[in-house]
Amino acid sequence: MQKDPNKGYIALLGWSLNAIEAAENFDRRYIVVAPDWAEEYCQKHDIPYVPWNFERLNDRSMEIAETLKEKGVDVAIPLYEETVEWAGAINSVLLDNPRLYGQSLLLRDKALMKRRAQLGGIRVGIFEEAHDKEDVVRFLKRVNQTLLKLDGDPNDPIHLKAFDKAGCLGHRVIRTPDEVDTIPEEEFPVLMESHLDGWEFAVEAWIHDGKIAFLNISEYVTLGYSVFVPASPELEIYRDQITQQIEKLIKAFDIEFGMIHPEYFVTSDGEMYFGEVAYRPPGFKVFELLERVYGFNAYEASMLVFDPKTTQEEVANFFPKEVVDADGFAGCFGVYPRRRVVSRLEIPEETEDHPYFESHELTSPVEETVTKRTAFGTHWGLIYFKGEDAHTIRDLLKRQEDLDFYV
């Protein structure tokens with residue numbers, strides 16, 4: 001693709017082949033900022049590249065911002081969770097806006113994030129930080145006392161999350177004080193929060209000039225296992241309410257541009273509760289699912305809204321109309337072995353023969369013994385589906401949980 005020198009020059013922070021491919025086919029100049037191990041690949045494939053290791057911010061942190069500034073880069077885009085505060089630090093220099101670094105810290109630290117949301121008048125559950133196991137036991141007891149539980153009543157669960165990890169990583173559900181003993185000391189400090197009963201869903205919103213350019217609602221079938229886009233008609237009913245929530249979020253976090261990925265709960269009486277927000281692409285290949293149904297490349301969409309040189313007209317011409325322009329529904333399921341010992345990969349016939357089945361990225365097992373899944377664990381690969389009916393795809397994704405892919 002011919003690059004337009006009048007449009008922004010973009011730095012991609014982190015490593016994503018799909019993002020690089022999108023940048024190659026887009027009209028913006030780009031450079032990849034990634035660890036040393038990417039150098040050989042970038043040289044071989046003629047990818048513009050600058051090495052940088054995303055360890056904790058330190059005395060040398062300013063160096064990468066200065067390097068990119070000298071090259072004429074306009075903006076940096078984080079590709080995964082650990083590069084969010086780097087993007088904030090770099091963009092505060094490139095865009096001469098020191099507040100962007102502070103904003104990135106709010107978008108990284110789940111406890112700060114919840115406080116900021118609360119200050120913005122957004123509904124959140126009860127939450128606290130825990131520094132040790134005693135804090136967790138105290139919080140569990142206090143939450144259940146608040147819920148007027150009597151002796152012998154089963155406890156309402158609490159959720160433990162790492163402060164700054166992506167998605168389900170480090171997520172635990174605690175119901176009894178005994179379960180607290182299973183938490184390794186090195187996981188502390190953690191964020192603790194009360195359980196919210198409700199329908200959990202995610203949003204991907206592209207923001208330009210402080211306004212929503214495109215808003216997708218992603219429907220979770222089972223958190224940590226499956227998702228599809230766009231959402232079913234039952235969840236899309238809440239679109240106006242969800243849009244209002246995102247506008248509140250943009251205001252509370254002072255977001256002028258970029259792509260956000262918040263998660264919410266809607267309760268049975270239609271109330272919206274904020275879970276968390278990320279300032280980076282979602283997991284579970286949702287960007288790829290969006291491309292399957294809408295035809296636009298979501299990585300290019302992010303480059304568009306991050307670029308300070310993008311015009312309103314360009315944004316308006318880029319995005320399709322939500323829901324009505326979608327060509328069916330696309331979803332994926334994260335496979336995790338259900339057996340303790342496995343010897344081979346075997347895709348179930350009912351999955352492969354289903355008219356909605358598209359492809360999978362599962363590989364043969366390297367080891368026979370399956371490591372015990374801690375918290376939500378990490379899936380072994382994804383299976384992709386696409387079809388015309390939201391309910392069929394939802395039932396199909398749910399059904400995969402009962403099937404064995406590794407035997």
# chains A, B, ... in the order shown; residues from 1 in each chain; ligands from 1

$ residues_around --residues "Pro365 of chain A" --least-positions-apart "2" --cutoff "8 Å" --atoms "only C-alpha atoms" --output "list in words"
Val342, Ser343, Arg344, Leu345, Thr363, Glu367, Glu368 and Tyr406 of chain A

$ write_last_selection --atoms "C-alpha atoms" --output "mmCIF file, in the first residue's frame"
data_model
loop_
_atom_site.group_PDB
_atom_site.id
_atom_site.type_symbol
_atom_site.label_atom_id
_atom_site.label_comp_id
_atom_site.auth_asym_id
_atom_site.auth_seq_id
_atom_site.Cartn_x
_atom_site.Cartn_y
_atom_site.Cartn_z
ATOM 1 C CA VAL A 342 -4.232 -36.552 26.308
ATOM 2 C CA SER A 343 -2.446 -38.102 23.345
ATOM 3 C CA ARG A 344 -3.927 -36.488 20.240
ATOM 4 C CA LEU A 345 -6.095 -33.735 18.793
ATOM 5 C CA THR A 363 -2.379 -28.010 17.308
ATOM 6 C CA GLU A 367 2.859 -33.102 26.305
ATOM 7 C CA GLU A 368 0.468 -35.823 27.403
ATOM 8 C CA TYR A 406 -8.056 -33.651 22.998
#

$ residues_around --residues "segment 19-35 of chain A" --least-positions-apart "5" --cutoff "8 Å" --atoms "only C-alpha atoms" --output "PyMOL selection string"
chain A and resi 1-5+7-14+47-54+297+299-300

$ write_last_selection --atoms "N, CA and C atoms" --output "PDB file, in the first residue's frame"
ATOM      1  N   MET A   1       0.851  -1.199   0.000  1.00  0.00           N
ATOM      2  CA  MET A   1       0.000   0.000   0.000  1.00  0.00           C
ATOM      3  C   MET A   1       0.886   1.248   0.000  1.00  0.00           C
ATOM      4  N   GLN A   2       0.544   2.190  -0.880  1.00  0.00           N
ATOM      5  CA  GLN A   2       1.262   3.465  -0.937  1.00  0.00           C
ATOM      6  C   GLN A   2       0.987   4.254   0.341  1.00  0.00           C
ATOM      7  N   LYS A   3       2.051   4.726   0.991  1.00  0.00           N
ATOM      8  CA  LYS A   3       1.881   5.478   2.246  1.00  0.00           C
ATOM      9  C   LYS A   3       1.704   6.971   1.954  1.00  0.00           C
ATOM     10  N   ASP A   4       0.773   7.600   2.650  1.00  0.00           N
ATOM     11  CA  ASP A   4       0.485   9.022   2.447  1.00  0.00           C
ATOM     12  C   ASP A   4       1.272   9.850   3.462  1.00  0.00           C
ATOM     13  N   PRO A   5       2.253  10.654   3.004  1.00  0.00           N
ATOM     14  CA  PRO A   5       3.080  11.434   3.949  1.00  0.00           C
ATOM     15  C   PRO A   5       2.302  12.512   4.706  1.00  0.00           C
ATOM     16  N   LYS A   7      -0.531  11.962   6.147  1.00  0.00           N
ATOM     17  CA  LYS A   7      -1.258  11.330   7.251  1.00  0.00           C
ATOM     18  C   LYS A   7      -0.262  10.906   8.324  1.00  0.00           C
ATOM     19  N   GLY A   8      -0.780  10.475   9.453  1.00  0.00           N
ATOM     20  CA  GLY A   8       0.075  10.204  10.612  1.00  0.00           C
ATOM     21  C   GLY A   8       1.087   9.082  10.415  1.00  0.00           C
ATOM     22  N   TYR A   9       2.150   9.172  11.190  1.00  0.00           N
ATOM     23  CA  TYR A   9       3.201   8.144  11.235  1.00  0.00           C
ATOM     24  C   TYR A   9       3.013   7.451  12.580  1.00  0.00           C
ATOM     25  N   ILE A  10       2.783   6.141  12.550  1.00  0.00           N
ATOM     26  CA  ILE A  10       2.291   5.416  13.733  1.00  0.00           C
ATOM     27  C   ILE A  10       3.298   4.392  14.251  1.00  0.00           C
ATOM     28  N   ALA A  11       3.453   4.340  15.577  1.00  0.00           N
ATOM     29  CA  ALA A  11       4.280   3.305  16.210  1.00  0.00           C
ATOM     30  C   ALA A  11       3.355   2.264  16.823  1.00  0.00           C
ATOM     31  N   LEU A  12       3.571   0.987  16.468  1.00  0.00           N
ATOM     32  CA  LEU A  12       2.813  -0.115  17.076  1.00  0.00           C
ATOM     33  C   LEU A  12       3.640  -0.674  18.224  1.00  0.00           C
ATOM     34  N   LEU A  13       3.106  -0.605  19.439  1.00  0.00           N
ATOM     35  CA  LEU A  13       3.857  -1.067  20.608  1.00  0.00           C
ATOM     36  C   LEU A  13       3.496  -2.507  20.930  1.00  0.00           C
ATOM     37  N   GLY A  14       4.466  -3.406  20.789  1.00  0.00           N
ATOM     38  CA  GLY A  14       4.210  -4.824  21.039  1.00  0.00           C
ATOM     39  C   GLY A  14       4.276  -5.587  19.733  1.00  0.00           C
ATOM     40  N   ILE A  47      10.187  -5.159   7.612  1.00  0.00           N
ATOM     41  CA  ILE A  47       9.224  -4.444   8.469  1.00  0.00           C
ATOM     42  C   ILE A  47       9.980  -3.358   9.238  1.00  0.00           C
ATOM     43  N   PRO A  48       9.535  -2.099   9.138  1.00  0.00           N
ATOM     44  CA  PRO A  48      10.215  -1.046   9.914  1.00  0.00           C
ATOM     45  C   PRO A  48      10.140  -1.351  11.406  1.00  0.00           C
ATOM     46  N   TYR A  49      11.272  -1.279  12.080  1.00  0.00           N
ATOM     47  CA  TYR A  49      11.331  -1.822  13.452  1.00  0.00           C
ATOM     48  C   TYR A  49      12.344  -1.055  14.305  1.00  0.00           C
ATOM     49  N   VAL A  50      11.996  -0.899  15.570  1.00  0.00           N
ATOM     50  CA  VAL A  50      12.961  -0.372  16.543  1.00  0.00           C
ATOM     51  C   VAL A  50      12.867  -1.258  17.792  1.00  0.00           C
ATOM     52  N   PRO A  51      14.010  -1.725  18.315  1.00  0.00           N
ATOM     53  CA  PRO A  51      13.944  -2.638  19.468  1.00  0.00           C
ATOM     54  C   PRO A  51      13.676  -1.903  20.780  1.00  0.00           C
ATOM     55  N   TRP A  52      12.860  -2.524  21.608  1.00  0.00           N
ATOM     56  CA  TRP A  52      12.624  -1.986  22.961  1.00  0.00           C
ATOM     57  C   TRP A  52      12.025  -3.077  23.833  1.00  0.00           C
ATOM     58  N   ASN A  53      12.539  -3.218  25.055  1.00  0.00           N
ATOM     59  CA  ASN A  53      11.980  -4.215  25.967  1.00  0.00           C
ATOM     60  C   ASN A  53      11.029  -3.540  26.952  1.00  0.00           C
ATOM     61  N   PHE A  54       9.807  -4.034  26.975  1.00  0.00           N
ATOM     62  CA  PHE A  54       8.778  -3.393  27.797  1.00  0.00           C
ATOM     63  C   PHE A  54       8.802  -3.911  29.228  1.00  0.00           C
ATOM     64  N   ASN A 297     -11.145  -3.633   8.795  1.00  0.00           N
ATOM     65  CA  ASN A 297     -10.063  -4.144   9.627  1.00  0.00           C
ATOM     66  C   ASN A 297      -9.980  -3.314  10.910  1.00  0.00           C
ATOM     67  N   TYR A 299      -7.794  -3.281  13.309  1.00  0.00           N
ATOM     68  CA  TYR A 299      -6.475  -2.695  13.601  1.00  0.00           C
ATOM     69  C   TYR A 299      -6.302  -1.385  12.835  1.00  0.00           C
ATOM     70  N   GLU A 300      -6.756  -1.383  11.578  1.00  0.00           N
ATOM     71  CA  GLU A 300      -6.705  -0.147  10.788  1.00  0.00           C
ATOM     72  C   GLU A 300      -7.614   0.915  11.423  1.00  0.00           C
TER      73      GLU A 300
END

$ closest_residue --among "A:Asp153, A:Asp402, A:Glu288, A:Asp307" --to "Gly258 of chain A" --atoms "only C-alpha atoms"
A:Asp307

$ closest_atom_pairs --of "segment 94-168 of chain A" --to "segment 172-175 of chain A" --cutoff "9 Å" --atoms "only C-alpha atoms" --output "JSON lines"
{"residue": "A:Val136", "atom": "CA", "partner": "A:Ile174", "partner_atom": "CA", "distance": 8.9}
{"residue": "A:Leu140", "atom": "CA", "partner": "A:Arg175", "partner_atom": "CA", "distance": 7.7}
{"residue": "A:Pro154", "atom": "CA", "partner": "A:Arg175", "partner_atom": "CA", "distance": 8.2}
{"residue": "A:Asn155", "atom": "CA", "partner": "A:Arg175", "partner_atom": "CA", "distance": 5.9}
{"residue": "A:Asp156", "atom": "CA", "partner": "A:Arg175", "partner_atom": "CA", "distance": 6.5}
{"residue": "A:Pro157", "atom": "CA", "partner": "A:Arg175", "partner_atom": "CA", "distance": 4.5}
{"residue": "A:Ile158", "atom": "CA", "partner": "A:Ile174", "partner_atom": "CA", "distance": 5.3}
{"residue": "A:His159", "atom": "CA", "partner": "A:Val173", "partner_atom": "CA", "distance": 4.7}
{"residue": "A:Leu160", "atom": "CA", "partner": "A:Arg172", "partner_atom": "CA", "distance": 5.0}
{"residue": "A:Lys161", "atom": "CA", "partner": "A:Arg172", "partner_atom": "CA", "distance": 6.6}
{"residue": "A:Cys168", "atom": "CA", "partner": "A:Arg172", "partner_atom": "CA", "distance": 8.6}

$ select_by_dssp --residues "segment 118-208 of chain A" --states "helix (DSSP H, G or I)" --output "VMD selection string"
chain A and resid 118 to 119 133 to 146 177 to 180 185 to 187

$ closest_residue --among "A:Pro78, A:Pro233, A:Gly328, A:Gly88" --to "Ala65 of chain A" --atoms "only C-alpha atoms"
A:Gly88
